[in-house]
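Chemist: The following block contains the structure, expressed as structure tokens.
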Number of protein chains: 2
Amino acid sequence: MSSTDRAAGPRTITEVATIAGLSAHTLRYYERIGLLDPVPRVHGGQRRYGAGDLAWLAFVQRLRATGMPIRDMRRFAELRREGDHTIGERRELLERHRTEVLARIAELERDLTAVTGKITTYRNLETAHDPRQPDA
Amino acid sequence: MSSTDRAAGPRTITEVATIAGLSAHTLRYYERIGLLDPVPRVHGGQRRYGAGDLAWLAFVQRLRATGMPIRDMRRFAELRREGDHTIGERRELLERHRTEVLARIAELERDLTAVTGKITTYRNLETAHDPRQPDA
DNA sequence: GTACGGGTTCGAGCACGCTCAAACGCAAGG
DNA sequence: CCTTGCGTTTGAGCGTGCTCGAACCCGTAC
């Protein structure tokens, strides 16, 4: 093994985009806004993403998927860069986010009952007006 | 009691905004884009929202809260205007939405485990580096 | 050399869902 | 009559999170 891992060496932006399900545009955008650390370049300026970059990106995607605003993810990334002494603050940020997501889930479940109720109402109306199966 | 109900007569836009937790701006916007039917006006052009408008608005808010795009809500409103023969289509629209919301909830729960896991990791790091309660 | 494939930067543009400013109307009170 | 308060319309602007186009660079194959 050389200076880089063999089995999972540095990836090009297109590879990472494919793996992550994002566009190369979005990856550059994430880096630009400080969500991703500056990615190492090879001679010529092309990015090569390491395993750490991929792991961080995957976590970032979880945060996005759970609705964390980019502002907060940037803050989180910034804390990461500052080192271990920010771990407490990072945990608190995640805990606040977790609380919000749980609240969001509860809200969705609550409001969904109204939708489900309406569906039921419509089903009843349909069988009433369109009695395909009248009292046997 | 005049020509209007006493207990729950027509409401001004400000009243409805307060009740619904929306701004008057947003109510006019919803009407403009066809989410709300044209609201009846008094002499002078001011809107007066009836009980039916309020009920519909409340349902619209449920749809919004569960993440239905405005495009789809407009479609739903349009079907409503077309009359009873669109009930089947309306139900299908709601059922599709319901499926999506359930998927969204599942996704949130799944991705939240990554967040929870990270919180746990951080907690362990903290107690390791900052042993406020070493082995008693 | 030149063409090609893949990458780069920079800045503009877009979709969504509001949000607001400006200019105006109307009715009631003093 | 004039002010005050509440409302109206029209159209512009905004915050978020991408998304894309244009111009350019680099290394390899022919």
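A note on labels: chains of the structure tokens are A, B, ... as shown, every chain counts residues from 1, and ligands are counted from 1 in their shown order.
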Let me make sure I understand: if you superpose chain A onto chain B using all C-alpha atoms paired in order, what RMSD in Å results?

Modeler: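 Per the least-squares fit, the RMSD is 0.6 Å.
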
Chemist: I want to know what sits within 8 Å of stretch 2-19 of chain D, based on only C-alpha atoms (C1' of nucleotides), with residues of the same chain fewer than 4 positions away left out; could you give that as a list in words?

Modeler: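 Close residues of stretch 2-19 of chain D: His25 and Thr26 of chain A; Gly45 and Gln46 of chain B; DC14, DT19, DC20, DC24 and DG25 of chain C.
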
Chemist: Using only C-alpha atoms, I'd like every residue of chain B that has an atom within 6 Å of chain A; please write them out as a ChimeraX atom specification.

Modeler: /B:62,66,91,108,111,119

Chemist: Quick one: everything within 12 Å of C:DC4, counting only C-alpha atoms (C1' of nucleotides), minus sequence neighbours fewer than 5 positions away in the same chain. Send it as JSON, numbers by chain.

Modeler: {"D": [26, 27, 28, 29, 30]}

Chemist: Can you check which residues of chain A have any atom within 10 Å of chain C? Use only C-alpha atoms (C1' of nucleotides) and format it as a list in words.

Modeler: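 In the required form, that comes to Thr12, Ile13, Thr14, Gly44, Gly45, Gln46 and Arg47 of chain A.
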
Chemist: Could you write out that same residue set with all heavy atoms as a PDB file, in the first residue's frame?

Modeler:
```pdb
ATOM      1  N   THR A  12     -12.709  10.604  -7.596  1.00  0.00           N
ATOM      2  CA  THR A  12     -12.957  11.826  -8.363  1.00  0.00           C
ATOM      3  C   THR A  12     -14.338  12.367  -8.004  1.00  0.00           C
ATOM      4  O   THR A  12     -15.149  11.670  -7.401  1.00  0.00           O
ATOM      5  CB  THR A  12     -12.935  11.542  -9.869  1.00  0.00           C
ATOM      6  OG1 THR A  12     -14.050  10.704 -10.170  1.00  0.00           O
ATOM      7  CG2 THR A  12     -11.654  10.872 -10.299  1.00  0.00           C
ATOM      8  N   ILE A  13     -14.580  13.563  -8.425  1.00  0.00           N
ATOM      9  CA  ILE A  13     -15.859  14.188  -8.076  1.00  0.00           C
ATOM     10  C   ILE A  13     -17.035  13.432  -8.703  1.00  0.00           C
ATOM     11  O   ILE A  13     -18.098  13.310  -8.090  1.00  0.00           O
ATOM     12  CB  ILE A  13     -15.870  15.676  -8.494  1.00  0.00           C
ATOM     13  CG1 ILE A  13     -17.012  16.390  -7.776  1.00  0.00           C
ATOM     14  CG2 ILE A  13     -15.934  15.835  -9.998  1.00  0.00           C
ATOM     15  CD1 ILE A  13     -16.920  17.899  -7.825  1.00  0.00           C
ATOM     16  N   THR A  14     -16.818  12.899  -9.890  1.00  0.00           N
ATOM     17  CA  THR A  14     -17.901  12.160 -10.540  1.00  0.00           C
ATOM     18  C   THR A  14     -18.215  10.874  -9.792  1.00  0.00           C
ATOM     19  O   THR A  14     -19.393  10.514  -9.619  1.00  0.00           O
ATOM     20  CB  THR A  14     -17.519  11.833 -11.996  1.00  0.00           C
ATOM     21  OG1 THR A  14     -17.245  13.057 -12.681  1.00  0.00           O
ATOM     22  CG2 THR A  14     -18.644  11.116 -12.710  1.00  0.00           C
ATOM     23  N   GLY A  44      -3.017  19.786 -11.281  1.00  0.00           N
ATOM     24  CA  GLY A  44      -4.000  20.106 -12.307  1.00  0.00           C
ATOM     25  C   GLY A  44      -5.264  20.647 -11.669  1.00  0.00           C
ATOM     26  O   GLY A  44      -6.124  21.194 -12.347  1.00  0.00           O
ATOM     27  N   GLY A  45      -5.368  20.482 -10.341  1.00  0.00           N
ATOM     28  CA  GLY A  45      -6.474  21.110  -9.637  1.00  0.00           C
ATOM     29  C   GLY A  45      -7.677  20.234  -9.407  1.00  0.00           C
ATOM     30  O   GLY A  45      -8.646  20.657  -8.775  1.00  0.00           O
ATOM     31  N   GLN A  46      -7.643  19.011  -9.921  1.00  0.00           N
ATOM     32  CA  GLN A  46      -8.815  18.152  -9.730  1.00  0.00           C
ATOM     33  C   GLN A  46      -8.934  17.633  -8.302  1.00  0.00           C
ATOM     34  O   GLN A  46      -7.957  17.318  -7.659  1.00  0.00           O
ATOM     35  CB  GLN A  46      -8.754  16.969 -10.701  1.00  0.00           C
ATOM     36  CG  GLN A  46      -8.860  17.401 -12.155  1.00  0.00           C
ATOM     37  CD  GLN A  46      -9.154  16.240 -13.077  1.00  0.00           C
ATOM     38  OE1 GLN A  46      -9.308  15.102 -12.635  1.00  0.00           O
ATOM     39  NE2 GLN A  46      -9.241  16.523 -14.373  1.00  0.00           N
ATOM     40  N   ARG A  47     -10.171  17.561  -7.833  1.00  0.00           N
ATOM     41  CA  ARG A  47     -10.429  17.082  -6.474  1.00  0.00           C
ATOM     42  C   ARG A  47     -10.250  15.571  -6.367  1.00  0.00           C
ATOM     43  O   ARG A  47     -10.606  14.832  -7.286  1.00  0.00           O
ATOM     44  CB  ARG A  47     -11.865  17.432  -6.069  1.00  0.00           C
ATOM     45  CG  ARG A  47     -12.114  18.907  -5.878  1.00  0.00           C
ATOM     46  CD  ARG A  47     -13.606  19.157  -5.734  1.00  0.00           C
ATOM     47  NE  ARG A  47     -13.899  20.555  -5.482  1.00  0.00           N
ATOM     48  CZ  ARG A  47     -13.918  21.508  -6.409  1.00  0.00           C
ATOM     49  NH1 ARG A  47     -13.644  21.211  -7.667  1.00  0.00           N
ATOM     50  NH2 ARG A  47     -14.191  22.748  -6.075  1.00  0.00           N
TER      51      ARG A  47
END
```

Chemist: When you count only C-alpha atoms (C1' of nucleotides), which of these residues is closest to chain D: A:Ser23, A:Thr18, A:Thr99, A:Thr127?

Modeler: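 For chain D, the nearest of the candidates is A:Ser23.
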